[in-house]
$ cat target_23.cif   # mmCIF, C-alpha atoms
data_my_file
loop_
_atom_site.label_atom_id
_atom_site.label_comp_id
_atom_site.auth_asym_id
_atom_site.auth_seq_id
_atom_site.Cartn_x
_atom_site.Cartn_y
_atom_site.Cartn_z
CA MET A 250 -38.44 10.77 -182.26
CA THR A 251 -35.46 9.26 -184.03
CA ARG A 252 -35.95 6.01 -182.25
CA VAL A 253 -39.56 5.93 -183.36
CA MET A 254 -38.48 6.71 -186.92
CA CYS A 255 -35.80 4.08 -186.91
CA THR A 256 -38.12 1.50 -185.61
CA LEU A 257 -40.62 2.45 -188.29
CA THR A 258 -38.04 2.42 -191.06
CA ALA A 259 -36.72 -0.93 -189.89
CA LEU A 260 -40.19 -2.29 -190.01
CA CYS A 261 -40.79 -0.88 -193.45
CA ALA A 262 -37.46 -2.24 -194.64
CA ALA A 263 -38.39 -5.69 -193.52
CA ILE A 264 -41.72 -5.46 -195.31
CA ALA A 265 -40.45 -3.86 -198.52
CA ALA A 266 -37.00 -5.45 -198.91
CA ALA A 267 -38.03 -7.92 -201.51
CA GLY A 268 -39.53 -5.33 -203.83
CA CYS A 269 -37.01 -2.53 -203.57
CA SER A 270 -34.27 -3.57 -206.00
CA GLY A 271 -34.09 -2.11 -209.47
CA GLY A 272 -32.06 0.12 -211.79
CA PRO A 273 -28.68 -0.62 -213.36
CA ALA A 274 -25.61 -1.34 -211.20
CA PRO A 275 -23.26 1.74 -210.79
CA THR A 276 -20.58 0.11 -212.90
CA ALA A 277 -18.62 3.27 -213.72
CA GLU A 278 -18.49 4.45 -210.12
CA LEU A 279 -17.44 1.00 -208.93
CA ALA A 280 -14.70 0.85 -211.55
CA GLN A 281 -13.43 4.28 -210.55
CA ALA A 282 -13.45 3.33 -206.87
CA HIS A 283 -11.52 0.11 -207.64
CA SER A 284 -8.99 1.98 -209.69
CA LEU A 285 -8.44 4.61 -207.00
CA VAL A 286 -8.19 2.08 -204.19
CA ASP A 287 -5.60 0.12 -206.22
CA GLN A 288 -3.71 3.28 -206.95
CA ALA A 289 -3.71 4.32 -203.29
CA GLU A 290 -2.55 0.87 -202.19
CA GLN A 291 0.28 0.88 -204.72
CA SER A 292 1.43 4.33 -203.71
CA GLY A 293 1.93 3.20 -200.11
CA ALA A 294 -1.36 4.15 -198.46
CA PRO A 295 -1.36 1.06 -196.19
CA ARG A 296 1.79 2.49 -194.63
CA TYR A 297 0.99 6.21 -194.54
CA ALA A 298 -2.84 6.33 -194.36
CA SER A 299 -3.95 2.94 -193.14
CA ALA A 300 -7.29 4.02 -191.60
CA ASP A 301 -8.36 5.78 -194.80
CA ILE A 302 -7.40 2.96 -197.13
CA SER A 303 -9.08 0.28 -195.00
CA SER A 304 -12.26 2.35 -194.84
CA ALA A 305 -12.13 2.68 -198.64
CA ARG A 306 -11.55 -1.03 -199.03
CA SER A 307 -14.42 -2.13 -196.80
CA LYS A 308 -16.86 0.33 -198.38
CA LEU A 309 -15.86 -0.83 -201.83
CA GLN A 310 -16.32 -4.45 -200.79
CA GLN A 311 -19.78 -3.58 -199.51
CA ALA A 312 -20.56 -1.67 -202.71
CA ASP A 313 -19.57 -4.70 -204.79
CA LEU A 314 -21.87 -6.85 -202.69
CA ASP A 315 -24.75 -4.39 -202.99
CA ALA A 316 -24.24 -3.61 -206.69
CA ARG A 317 -26.81 -5.90 -208.10
CA LYS A 318 -29.57 -5.86 -205.51
CA GLU A 319 -29.24 -2.32 -204.17
CA PRO A 320 -27.59 -0.20 -206.87
CA ALA A 321 -28.50 3.15 -205.23
CA ARG A 322 -26.90 2.10 -202.00
CA ALA A 323 -23.93 0.67 -203.90
CA LEU A 324 -23.54 4.01 -205.66
CA ASP A 325 -23.27 5.90 -202.36
CA GLU A 326 -20.84 3.31 -201.03
CA ALA A 327 -18.73 3.50 -204.18
CA GLN A 328 -18.65 7.30 -203.95
CA GLU A 329 -17.57 7.15 -200.32
CA ALA A 330 -14.95 4.53 -201.14
CA THR A 331 -13.66 6.81 -203.89
CA ALA A 332 -13.53 9.77 -201.49
CA ASP A 333 -11.72 7.65 -198.90
CA ALA A 334 -9.24 6.43 -201.51
CA ARG A 335 -8.60 10.02 -202.60
CA VAL A 336 -8.00 11.03 -198.99
CA ALA A 337 -5.66 8.06 -198.58
CA LEU A 338 -3.75 9.07 -201.72
CA ALA A 339 -3.51 12.73 -200.73
CA ARG A 340 -2.40 11.87 -197.20
CA THR A 341 0.13 9.36 -198.54
CA ASN A 342 1.58 11.96 -200.90
CA ALA A 343 1.74 14.51 -198.09
CA ALA A 344 3.41 12.04 -195.74
CA LYS A 345 5.97 11.07 -198.40
CA ALA A 346 6.73 14.73 -199.10
CA GLN A 347 7.20 15.30 -195.38
CA VAL A 348 9.51 12.31 -195.03
CA ALA A 349 11.56 13.47 -198.02
CA LEU A 350 11.67 16.98 -196.57
CA ARG A 351 12.90 15.71 -193.22
CA ASP A 352 15.59 13.67 -195.00
CA VAL A 353 16.90 16.68 -196.90
CA GLN A 354 16.68 18.94 -193.86
CA SER A 355 18.60 16.44 -191.79
CA SER A 356 21.20 16.03 -194.51
CA ASP A 357 21.46 19.85 -194.70
CA ARG A 358 22.16 19.94 -190.99
CA ASP A 359 24.84 17.27 -191.40
CA LEU A 360 26.44 19.14 -194.28
CA GLN A 361 26.42 22.42 -192.37
CA HIS A 362 27.83 20.66 -189.35
CA GLU A 363 30.61 19.15 -191.44
CA ALA A 364 31.42 22.49 -193.07
CA ASP A 365 31.56 24.22 -189.68
CA ARG A 366 33.76 21.45 -188.33
CA GLN A 367 36.17 21.80 -191.27
CA ASP A 368 36.34 25.53 -190.64
CA LEU A 369 36.95 25.07 -186.97
CA GLN A 370 39.63 22.49 -187.64
CA ASN A 371 41.32 24.83 -190.06
CA GLU A 372 41.14 27.77 -187.68
CA THR A 373 42.82 25.80 -184.94
CA SER A 374 45.43 24.17 -187.17
CA THR A 375 46.40 27.16 -189.34
CA PRO A 376 48.13 29.25 -186.65
CA ALA A 377 50.09 26.19 -185.57
CA THR A 378 51.54 25.69 -189.06
CA THR A 379 52.27 29.35 -189.76
CA ALA A 380 53.54 30.38 -186.33
CA PRO A 381 57.32 30.45 -186.05
CA MET A 382 58.75 27.37 -184.43
CA PRO A 383 59.88 28.12 -180.91
CA GLN A 384 63.68 28.41 -181.02
CA MET B 58 -21.84 2.22 -189.90
CA ASN B 59 -24.33 -0.43 -189.19
CA LYS B 60 -26.84 2.17 -188.16
CA TYR B 61 -26.11 4.05 -191.37
CA LYS B 62 -26.74 1.05 -193.56
CA HIS B 63 -29.72 0.23 -191.57
CA THR B 64 -31.19 3.71 -191.91
CA LEU B 65 -30.19 4.01 -195.55
CA ALA B 66 -31.79 0.77 -196.42
CA GLY B 67 -34.85 1.61 -194.42
CA LEU B 68 -35.36 5.03 -195.91
CA ARG B 69 -34.82 3.93 -199.47
CA THR B 70 -37.29 1.22 -198.94
CA LEU B 71 -39.63 3.76 -197.54
CA GLY B 72 -39.06 6.02 -200.53
CA THR B 73 -39.88 3.34 -203.00
CA ALA B 74 -42.82 2.30 -200.89
CA GLY B 75 -44.11 5.89 -201.10
CA ALA B 76 -44.59 6.30 -197.35
CA ALA B 77 -45.14 10.05 -197.49
CA ALA B 78 -46.85 10.23 -194.17
CA LEU B 79 -43.86 8.73 -192.44
CA LEU B 80 -41.49 11.30 -194.02
CA ALA B 81 -43.62 14.13 -192.67
CA ALA B 82 -43.18 12.68 -189.25
CA CYS B 83 -39.39 12.83 -189.74
CA ALA B 84 -39.39 16.62 -190.31
CA THR B 85 -37.12 17.30 -187.35
CA THR B 86 -33.33 16.90 -187.87
CA SER B 87 -31.99 13.53 -186.85
CA PRO B 88 -28.99 13.44 -184.50
CA GLU B 89 -27.00 11.50 -187.12
CA SER B 90 -27.43 14.07 -189.84
CA ALA B 91 -26.89 16.93 -187.38
CA SER B 92 -23.63 15.40 -186.25
CA ALA B 93 -22.51 14.59 -189.81
CA LEU B 94 -23.33 18.14 -190.95
CA ASP B 95 -21.47 19.56 -187.97
CA GLN B 96 -18.36 17.56 -188.77
CA ALA B 97 -18.58 18.53 -192.44
CA ARG B 98 -18.97 22.26 -191.64
CA THR B 99 -16.07 22.15 -189.23
CA ALA B 100 -13.85 20.45 -191.81
CA VAL B 101 -14.86 22.84 -194.61
CA ASN B 102 -14.42 25.89 -192.35
CA ARG B 103 -10.98 24.69 -191.29
CA LEU B 104 -9.92 24.28 -194.92
CA GLU B 105 -11.35 27.70 -195.85
CA ALA B 106 -9.35 29.27 -193.04
CA GLU B 107 -6.13 28.15 -194.70
CA PRO B 108 -4.81 31.14 -196.68
CA GLN B 109 -3.50 28.95 -199.49
CA ALA B 110 -6.62 26.83 -199.82
CA ALA B 111 -8.27 28.60 -202.75
CA GLN B 112 -5.02 28.75 -204.70
CA MET B 113 -3.46 25.38 -203.88
CA ALA B 114 -6.46 23.18 -203.16
CA GLY B 115 -9.16 24.82 -205.25
CA LYS B 116 -10.68 21.61 -206.58
CA PRO B 117 -11.17 19.72 -203.29
CA LEU B 118 -12.31 22.96 -201.63
CA GLN B 119 -14.94 23.47 -204.33
CA ASP B 120 -16.00 19.81 -204.16
CA ALA B 121 -16.29 20.07 -200.37
CA ARG B 122 -18.39 23.25 -200.58
CA ASP B 123 -20.63 21.74 -203.24
CA ALA B 124 -21.17 18.58 -201.22
CA LEU B 125 -21.82 20.59 -198.07
CA ALA B 126 -24.33 22.79 -199.91
CA LYS B 127 -26.08 19.67 -201.22
CA ALA B 128 -26.07 18.13 -197.75
CA GLU B 129 -27.55 21.27 -196.25
CA ALA B 130 -30.16 21.47 -198.99
CA ALA B 131 -31.05 17.82 -198.44
CA GLU B 132 -31.39 18.53 -194.76
CA GLN B 133 -33.60 21.56 -195.48
CA GLN B 134 -35.76 19.50 -197.76
CA HIS B 135 -36.03 16.83 -195.10
CA LYS B 136 -34.37 14.25 -197.30
CA PRO B 137 -33.58 10.93 -195.64
CA THR B 138 -30.91 11.05 -192.95
CA ALA B 139 -28.76 8.60 -194.90
CA GLU B 140 -28.60 10.96 -197.85
CA VAL B 141 -27.69 13.92 -195.67
CA VAL B 142 -25.09 11.85 -193.86
CA HIS B 143 -23.68 10.59 -197.17
CA LEU B 144 -23.38 14.08 -198.66
CA ALA B 145 -21.94 15.47 -195.44
CA TYR B 146 -19.42 12.64 -195.47
CA LEU B 147 -18.36 13.50 -199.03
CA ALA B 148 -18.01 17.15 -197.98
CA ARG B 149 -15.84 16.22 -194.99
CA ARG B 150 -13.68 13.87 -197.03
CA ASN B 151 -13.13 16.47 -199.75
CA ALA B 152 -12.07 18.91 -197.04
CA ASP B 153 -9.68 16.21 -195.76
CA ILE B 154 -8.25 15.90 -199.26
CA GLY B 155 -7.78 19.68 -199.39
CA GLU B 156 -5.94 19.63 -196.05
CA ALA B 157 -3.66 16.84 -197.24
CA VAL B 158 -2.95 18.64 -200.53
CA LEU B 159 -2.03 21.78 -198.58
CA ALA B 160 0.23 19.74 -196.31
CA GLU B 161 1.94 18.27 -199.36
CA GLN B 162 2.31 21.70 -200.96
CA SER B 163 3.77 23.08 -197.78
CA ALA B 164 6.27 20.22 -197.58
CA ASP B 165 7.16 20.73 -201.25
CA ALA B 166 7.70 24.44 -200.71
CA GLN B 167 9.91 23.73 -197.72
CA MET B 168 11.68 21.11 -199.80
CA ALA B 169 12.53 23.73 -202.41
CA GLN B 170 13.94 25.89 -199.61
CA ALA B 171 15.85 22.95 -198.13
CA GLN B 172 17.33 22.12 -201.54
CA ALA B 173 18.31 25.76 -202.04
CA ASP B 174 19.87 25.64 -198.57
CA ARG B 175 21.76 22.54 -199.57
CA GLU B 176 23.15 24.23 -202.69
CA ARG B 177 24.12 27.25 -200.61
CA ILE B 178 25.80 25.14 -197.93
CA LEU B 179 27.74 23.18 -200.55
CA ALA B 180 28.72 26.33 -202.45
CA ASP B 181 29.74 27.95 -199.17
CA ALA B 182 31.82 24.97 -198.20
CA ARG B 183 33.48 24.92 -201.63
CA ALA B 184 34.16 28.65 -201.44
CA ARG B 185 35.62 28.34 -197.98
CA GLU B 186 37.72 25.38 -199.07
CA ALA B 187 39.00 27.37 -202.06
CA ALA B 188 39.73 30.34 -199.82
CA ARG B 189 41.67 28.10 -197.48
CA ALA B 190 43.66 26.70 -200.39
CA ARG B 191 44.33 30.20 -201.72
CA GLN B 192 45.39 31.35 -198.27
CA GLN B 193 47.76 28.43 -197.96
CA ALA B 194 49.18 29.01 -201.43
CA LEU B 195 49.60 32.69 -200.63
CA GLN B 196 51.36 31.90 -197.39
CA ALA B 197 53.66 29.46 -199.13
CA GLN B 198 54.37 32.00 -201.84
CA GLN B 199 55.03 34.70 -199.28
CA ALA B 200 57.35 32.41 -197.36
CA ALA B 201 59.21 31.57 -200.59
CA GLN B 202 59.44 35.24 -201.49
CA ALA B 203 60.63 36.13 -198.01
CA SER B 204 63.39 33.53 -198.08
CA GLN B 205 64.37 34.59 -201.59
CA GLN B 206 64.44 38.17 -200.39
CA GLN B 207 66.57 37.14 -197.45
CA ALA B 208 68.99 35.31 -199.67
CA GLN B 209 69.17 38.29 -201.99
CA THR B 210 69.72 40.69 -199.13
CA ALA B 211 72.44 38.48 -197.70
CA GLU B 212 74.12 38.29 -201.08
CA GLN B 213 73.86 42.05 -201.51
CA GLN B 214 75.27 42.58 -198.08
CA ALA B 215 78.15 40.23 -198.81
CA GLN B 216 78.81 42.00 -202.10
CA ALA B 217 78.61 45.37 -200.43
CA ALA B 218 81.02 44.27 -197.73
CA GLN B 219 83.37 42.90 -200.33
CA GLU B 220 83.06 46.06 -202.34
CA GLN B 221 83.73 48.14 -199.25
CA ALA B 222 86.78 46.09 -198.39
CA ARG B 223 88.09 46.47 -201.93
CA GLU B 224 87.40 50.17 -201.86
CA LEU B 225 89.14 50.57 -198.52
CA GLN B 226 92.10 48.66 -199.79
CA GLN B 227 92.24 50.82 -202.89
CA GLN B 228 91.92 54.02 -200.93
CA MET B 229 94.52 52.89 -198.48
CA ALA B 230 96.77 52.09 -201.39
CA ASP B 231 96.06 55.52 -202.82
CA LEU B 232 97.08 57.04 -199.51
CA GLN B 233 100.12 54.78 -199.61
CA ALA B 234 99.13 53.33 -196.26
CA LYS B 235 100.86 50.15 -195.21
CA GLN B 236 99.49 47.18 -193.37
CA THR B 237 101.34 46.72 -190.08
CA ASP B 238 100.63 44.90 -186.87
CA ARG B 239 99.22 48.20 -185.59
CA GLY B 240 96.73 48.24 -188.44
CA MET B 241 96.96 50.39 -191.55
CA VAL B 242 99.60 53.04 -191.10
CA LEU B 243 100.23 56.08 -193.32
CA THR B 244 103.56 57.79 -192.93
CA LEU B 245 103.69 61.51 -193.63
CA GLY B 246 107.30 62.30 -194.33
CA ASN B 247 109.31 65.11 -192.83
CA VAL B 248 108.96 67.03 -196.09
CA LEU B 249 105.53 68.24 -194.96
CA PHE B 250 107.08 70.40 -192.21
CA ASP B 251 109.73 73.07 -192.13
CA THR B 252 112.84 72.02 -190.28
CA ASN B 253 112.16 72.34 -186.60
CA GLY B 254 108.81 73.86 -187.54
CA ASP B 255 105.34 72.65 -186.66
CA THR B 256 103.42 74.28 -189.49
CA LEU B 257 102.30 72.16 -192.40
CA LYS B 258 103.72 73.16 -195.76
CA PRO B 259 101.23 74.03 -198.49
CA GLY B 260 102.31 70.82 -200.23
CA ALA B 261 100.72 68.85 -197.41
CA ASP B 262 97.26 70.15 -198.30
CA GLU B 263 96.66 67.55 -200.94
CA MET B 264 97.57 64.71 -198.64
CA ILE B 265 95.42 66.16 -195.81
CA GLY B 266 92.55 66.63 -198.25
CA ARG B 267 92.71 63.02 -199.39
CA LEU B 268 92.88 61.88 -195.80
CA ALA B 269 89.86 64.00 -194.86
CA GLN B 270 87.94 62.63 -197.82
CA PHE B 271 88.76 59.11 -196.74
CA MET B 272 87.55 59.91 -193.24
CA GLN B 273 84.30 61.27 -194.63
CA SER B 274 83.63 58.18 -196.71
CA HIS B 275 84.38 55.92 -193.73
CA PRO B 276 82.50 57.69 -190.95
CA ASP B 277 83.25 55.06 -188.30
CA THR B 278 86.98 54.96 -188.85
CA ARG B 279 89.09 56.81 -186.30
CA VAL B 280 92.73 57.80 -186.57
CA ARG B 281 95.56 58.24 -184.15
CA ILE B 282 98.14 60.78 -185.24
CA GLU B 283 101.61 60.08 -183.90
CA GLY B 284 104.48 62.54 -184.22
CA TYR B 285 108.11 61.27 -184.26
CA THR B 286 111.51 62.98 -184.33
CA ASP B 287 115.11 61.87 -184.79
CA SER B 288 117.44 61.57 -181.86
CA THR B 289 119.02 64.98 -182.32
CA GLY B 290 118.29 67.43 -179.53
CA SER B 291 116.90 67.01 -176.06
CA ASP B 292 114.18 64.52 -175.29
CA SER B 293 111.83 67.21 -174.01
CA TYR B 294 112.32 69.29 -177.12
CA ASN B 295 111.75 66.31 -179.38
CA GLN B 296 108.69 65.27 -177.38
CA ALA B 297 107.17 68.75 -177.61
CA LEU B 298 108.00 69.10 -181.32
CA SER B 299 106.49 65.72 -182.18
CA GLN B 300 103.41 66.65 -180.13
CA ARG B 301 103.00 69.95 -181.97
CA ARG B 302 103.42 68.31 -185.38
CA ALA B 303 100.79 65.70 -184.57
CA ALA B 304 98.51 68.45 -183.32
CA ALA B 305 99.06 70.41 -186.53
CA VAL B 306 97.89 67.46 -188.60
CA GLU B 307 94.93 66.96 -186.28
CA LEU B 308 93.94 70.61 -186.62
CA ALA B 309 94.26 70.48 -190.40
CA LEU B 310 91.93 67.50 -190.51
CA GLU B 311 89.46 69.23 -188.20
CA ASN B 312 89.53 72.21 -190.52
CA GLN B 313 88.61 69.86 -193.33
CA GLY B 314 85.48 68.84 -191.41
CA VAL B 315 86.66 65.71 -189.60
CA SER B 316 85.18 65.52 -186.10
CA ALA B 317 87.68 65.89 -183.25
CA GLN B 318 86.03 62.90 -181.64
CA ARG B 319 87.53 60.69 -184.31
CA LEU B 320 91.04 62.05 -183.93
CA GLU B 321 93.73 61.76 -181.32
CA ALA B 322 97.18 63.25 -181.54
CA VAL B 323 100.20 62.04 -179.54
CA GLY B 324 103.87 62.97 -179.55
CA ARG B 325 106.26 60.05 -179.41
CA GLY B 326 109.55 62.02 -179.59
CA LYS B 327 112.52 60.00 -180.78
CA ALA B 328 110.90 56.68 -179.94
CA ALA B 329 110.48 53.86 -182.40
CA PRO B 330 112.95 55.00 -185.08
CA VAL B 331 112.34 53.47 -188.48
CA ALA B 332 115.95 54.02 -189.62
CA SER B 333 119.40 54.66 -188.15
CA ASN B 334 119.93 58.09 -186.58
CA ASP B 335 123.57 57.93 -187.58
CA SER B 336 123.07 59.18 -191.12
CA PRO B 337 121.23 62.26 -192.36
CA ALA B 338 119.10 60.07 -194.61
CA GLY B 339 118.16 57.83 -191.67
CA ARG B 340 117.39 60.81 -189.44
CA GLN B 341 115.18 62.28 -192.12
CA GLN B 342 113.22 59.03 -192.23
CA ASN B 343 112.76 59.14 -188.50
CA ARG B 344 111.31 62.68 -188.55
CA ARG B 345 107.79 61.81 -189.49
CA VAL B 346 104.08 61.77 -188.60
CA GLU B 347 102.26 58.46 -188.71
CA ILE B 348 98.54 58.13 -189.19
CA ILE B 349 97.21 54.90 -187.70
CA PHE B 350 93.76 53.85 -188.87
CA SER B 351 91.25 52.00 -186.76
CA ASP B 352 89.16 49.24 -188.26
CA PRO B 353 85.84 50.28 -189.83
CA HIS B 354 84.24 50.01 -186.39
CA GLY B 355 86.51 52.50 -184.68
CA GLN B 356 88.71 49.91 -182.95
CA PHE B 357 92.49 50.13 -183.08
CA ALA B 358 94.62 47.04 -183.40
CA ALA B 359 95.48 45.48 -180.06
CA SER B 360 99.22 46.15 -180.21
CA ASN B 361 98.46 49.82 -180.64
CA GLY B 362 98.57 50.74 -176.98
#
$ encode --input "target_23.cif" --output "structure tokens"
Amino acid sequence: MTRVMCTLTALCAAIAAAGCSGGPAPTAELAQAHSLVDQAEQSGAPRYASADISSARSKLQQADLDARKEPARALDEAQEATADARVALARTNAAKAQVALRDVQSSDRDLQHEADRQDLQNETSTPATTAPMPQ
Amino acid sequence: MNKYKHTLAGLRTLGTAGAAALLAACATTSPESASALDQARTAVNRLEAEPQAAQMAGKPLQDARDALAKAEAAEQQHKPTAEVVHLAYLARRNADIGEAVLAEQSADAQMAQAQADRERILADARAREAARARQQALQAQQAAQASQQQAQTAEQQAQAAQEQARELQQQMADLQAKQTDRGMVLTLGNVLFDTNGDTLKPGADEMIGRLAQFMQSHPDTRVRIEGYTDSTGSDSYNQALSQRRAAAVELALENQGVSAQRLEAVGRGKAAPVASNDSPAGRQQNRRVEIIFSDPHGQFAASNG
């Protein structure tokens, strides 16, 4: 059924392609998608959420290409690029928070370790200094 | 992706072309939209299952629900697959945003705990360090106090010993005791006894009293009481008389409360005269009782055999 439909739609697309453009380009949506993709890239998304940011980038590129001739399609693409960029941003923020958390937790462990070591050192050295010297 | 674009383009074209008959033929759900809707529902359900979702990720959760509702409505209304897939995608991505926001919130909350832990660890370490320093200072102070105390005690002991020695000297002087190579020796003259008698005269009481008092204030001192006579008379008589006189003094001291353990009485007869027996004055000097004092520890001088 789907195959039949797809074949039919492909056929129709080929026939109707020339006449199907129209309507204004989704300028606002494209601008928002650009801004969010830039923001995500600057915040470190390529490092922490590379799949999401590259999906956003390629959809946005496609949206830019489609903007004039197929504004409806460009609108969907821009919306998806925006969603991808938001995911990239959110995942980047989460990853950064997790990295920072691990840093502090590890430094806490070091500090605790050091404090315990100091205590231990003191416990073993104190009796030696206070005990009476033998003879 | 390619398929998506393909379908999207195709359907839109169809829409604008007004191919209503074709749409009716597409009434059954396409596998693409079914799969996209499935993924979106799973993502939204997962986010809804998070207890914090409504509170911490309200906006993405709402956006995801709205998009999912639109996607489902589009599916119900047999809208083009591309539209359903697009809306389902937005729903899934908003759910992804919600998940990421929750992950960030969770990390932030743990960060607050970790920072509180850090403050606590540092404060603990400082407190323990301060306690160690206090302990050390206290120990040093205690050691200083102890040595000061020791020095004071030693000084007091030295003073006390000095005082005791002075006192003893004074008391000995009061008793008119003399330092000899036998130790301190007190000579009770013949005047304390009747001639040839062994009973102490009442006048001796004062001297015995002072002696007893001395013995009480020096509880470790012992005395040897030695009786002596002049050379007149037989040796056995003189020996017995000197013995009885010494014993009389010993008894008098016992009566004053001095323990017998600390006393010994011996008769020496005419031995060891202190003056010539040729004159009455000399003989009188020789008739005597001598009290020999031990040192404060009960030991008699070595020559005192």
$ resolve_selection --input "target_23.cif" --expression "the PyMOL selection byres ((chain A and resi 311) around 12)" --output "PDB file with C-alpha atoms, in the frame of the given file"
ATOM      1  CA  LEU A 279     -17.440   1.000-208.930  1.00  0.00           C
ATOM      2  CA  ALA A 282     -13.450   3.330-206.870  1.00  0.00           C
ATOM      3  CA  SER A 304     -12.260   2.350-194.840  1.00  0.00           C
ATOM      4  CA  ALA A 305     -12.130   2.680-198.640  1.00  0.00           C
ATOM      5  CA  ARG A 306     -11.550  -1.030-199.030  1.00  0.00           C
ATOM      6  CA  SER A 307     -14.420  -2.130-196.800  1.00  0.00           C
ATOM      7  CA  LYS A 308     -16.860   0.330-198.380  1.00  0.00           C
ATOM      8  CA  LEU A 309     -15.860  -0.830-201.830  1.00  0.00           C
ATOM      9  CA  GLN A 310     -16.320  -4.450-200.790  1.00  0.00           C
ATOM     10  CA  ALA A 312     -20.560  -1.670-202.710  1.00  0.00           C
ATOM     11  CA  ASP A 313     -19.570  -4.700-204.790  1.00  0.00           C
ATOM     12  CA  LEU A 314     -21.870  -6.850-202.690  1.00  0.00           C
ATOM     13  CA  ASP A 315     -24.750  -4.390-202.990  1.00  0.00           C
ATOM     14  CA  ALA A 316     -24.240  -3.610-206.690  1.00  0.00           C
ATOM     15  CA  ARG A 317     -26.810  -5.900-208.100  1.00  0.00           C
ATOM     16  CA  LYS A 318     -29.570  -5.860-205.510  1.00  0.00           C
ATOM     17  CA  GLU A 319     -29.240  -2.320-204.170  1.00  0.00           C
ATOM     18  CA  PRO A 320     -27.590  -0.200-206.870  1.00  0.00           C
ATOM     19  CA  ARG A 322     -26.900   2.100-202.000  1.00  0.00           C
ATOM     20  CA  ALA A 323     -23.930   0.670-203.900  1.00  0.00           C
ATOM     21  CA  LEU A 324     -23.540   4.010-205.660  1.00  0.00           C
ATOM     22  CA  ASP A 325     -23.270   5.900-202.360  1.00  0.00           C
ATOM     23  CA  GLU A 326     -20.840   3.310-201.030  1.00  0.00           C
ATOM     24  CA  ALA A 327     -18.730   3.500-204.180  1.00  0.00           C
ATOM     25  CA  GLN A 328     -18.650   7.300-203.950  1.00  0.00           C
ATOM     26  CA  GLU A 329     -17.570   7.150-200.320  1.00  0.00           C
ATOM     27  CA  ALA A 330     -14.950   4.530-201.140  1.00  0.00           C
TER      28      ALA A 330
ATOM     29  CA  MET B  58     -21.840   2.220-189.900  1.00  0.00           C
ATOM     30  CA  ASN B  59     -24.330  -0.430-189.190  1.00  0.00           C
ATOM     31  CA  LYS B  62     -26.740   1.050-193.560  1.00  0.00           C
TER      32      LYS B  62
END
$ resolve_selection --input "target_23.cif" --expression "the PyMOL selection byres ((chain A and resi 295) around 12)" --output "list in words"
Val286, Asp287, Gln288, Ala289, Glu290, Gln291, Ser292, Gly293, Ala294, Arg296, Tyr297, Ala298, Ser299, Ala300, Asp301, Ile302, Ser303, Ser304, Ala305, Arg306, Ala334, Ala337, Leu338, Arg340, Thr341 and Ala344 of chain A
$ closest_atom_pairs --input "target_23.cif" --of "chain B" --to "chain A" --cutoff "6 Å" --atoms "only C-alpha atoms" --output "CSV"
residue,atom,partner,partner_atom,distance
B:Gly67,CA,A:Ala262,CA,4.7
B:Thr70,CA,A:Ala262,CA,5.5
B:Ile154,CA,A:Val336,CA,4.9
B:Ala157,CA,A:Arg340,CA,5.1
B:Val158,CA,A:Ala339,CA,5.9
B:Ala160,CA,A:Ala343,CA,5.7
B:Glu161,CA,A:Ala343,CA,4.0
B:Ala164,CA,A:Gln347,CA,5.5
B:Met168,CA,A:Leu350,CA,5.2
B:Ala171,CA,A:Gln354,CA,5.9
B:Arg175,CA,A:Asp357,CA,5.6
B:Ala182,CA,A:Ala364,CA,5.7
$ resolve_selection --input "target_23.cif" --expression "the PyMOL selection byres ((chain B and resi 266-275) around 9)" --output "list in words"
Leu225, Gln228, Met229, Asp231, Leu232, Ala261, Asp262, Glu263, Met264, Ile265, Pro276, Asp277, Thr278, Arg279, Val280, Ala309, Leu310, Glu311, Gln313, Gly314, Val315, Arg319 and Pro353 of chain B
$ atom_distance --input "target_23.cif" --atom1 "atom CA of Arg103 of chain B" --atom2 "atom CA of Gln133 of chain B"
23.2 Å
$ atom_distance --input "target_23.cif" --atom1 "atom CA of Thr276 of chain A" --atom2 "atom CA of Ala93 of chain B"
27.3 Å
$ residues_around --input "target_23.cif" --residues "Phe357 of chain B" --least-positions-apart "6" --cutoff "10 Å" --atoms "only C-alpha atoms" --output "PyMOL selection string"
chain B and resi 239-241+278-281+349-351
$ atom_distance --input "target_23.cif" --atom1 "atom CA of Ala328 of chain B" --atom2 "atom CA of Gly355 of chain B"
25.2 Å
$ decode --input "target_23.cif" --residues "segment 139-152 of chain B" --atoms "C-alpha atoms" --output "CSV table (one decimal), in the first residue's frame"
chain,number,residue,atom,x,y,z
B,139,ALA,CA,5.4,13.8,6.2
B,140,GLU,CA,3.3,16.0,8.5
B,141,VAL,CA,2.7,13.3,11.0
B,142,VAL,CA,6.4,12.4,11.0
B,143,HIS,CA,7.4,16.0,11.3
B,144,LEU,CA,5.1,16.6,14.3
B,145,ALA,CA,6.1,13.3,15.9
B,146,TYR,CA,9.8,14.3,15.5
B,147,LEU,CA,9.1,17.7,17.2
B,148,ALA,CA,7.4,15.8,20.0
B,149,ARG,CA,10.3,13.4,20.4
B,150,ARG,CA,12.9,16.2,20.3
B,151,ASN,CA,11.0,18.2,23.0
B,152,ALA,CA,11.0,15.1,25.1
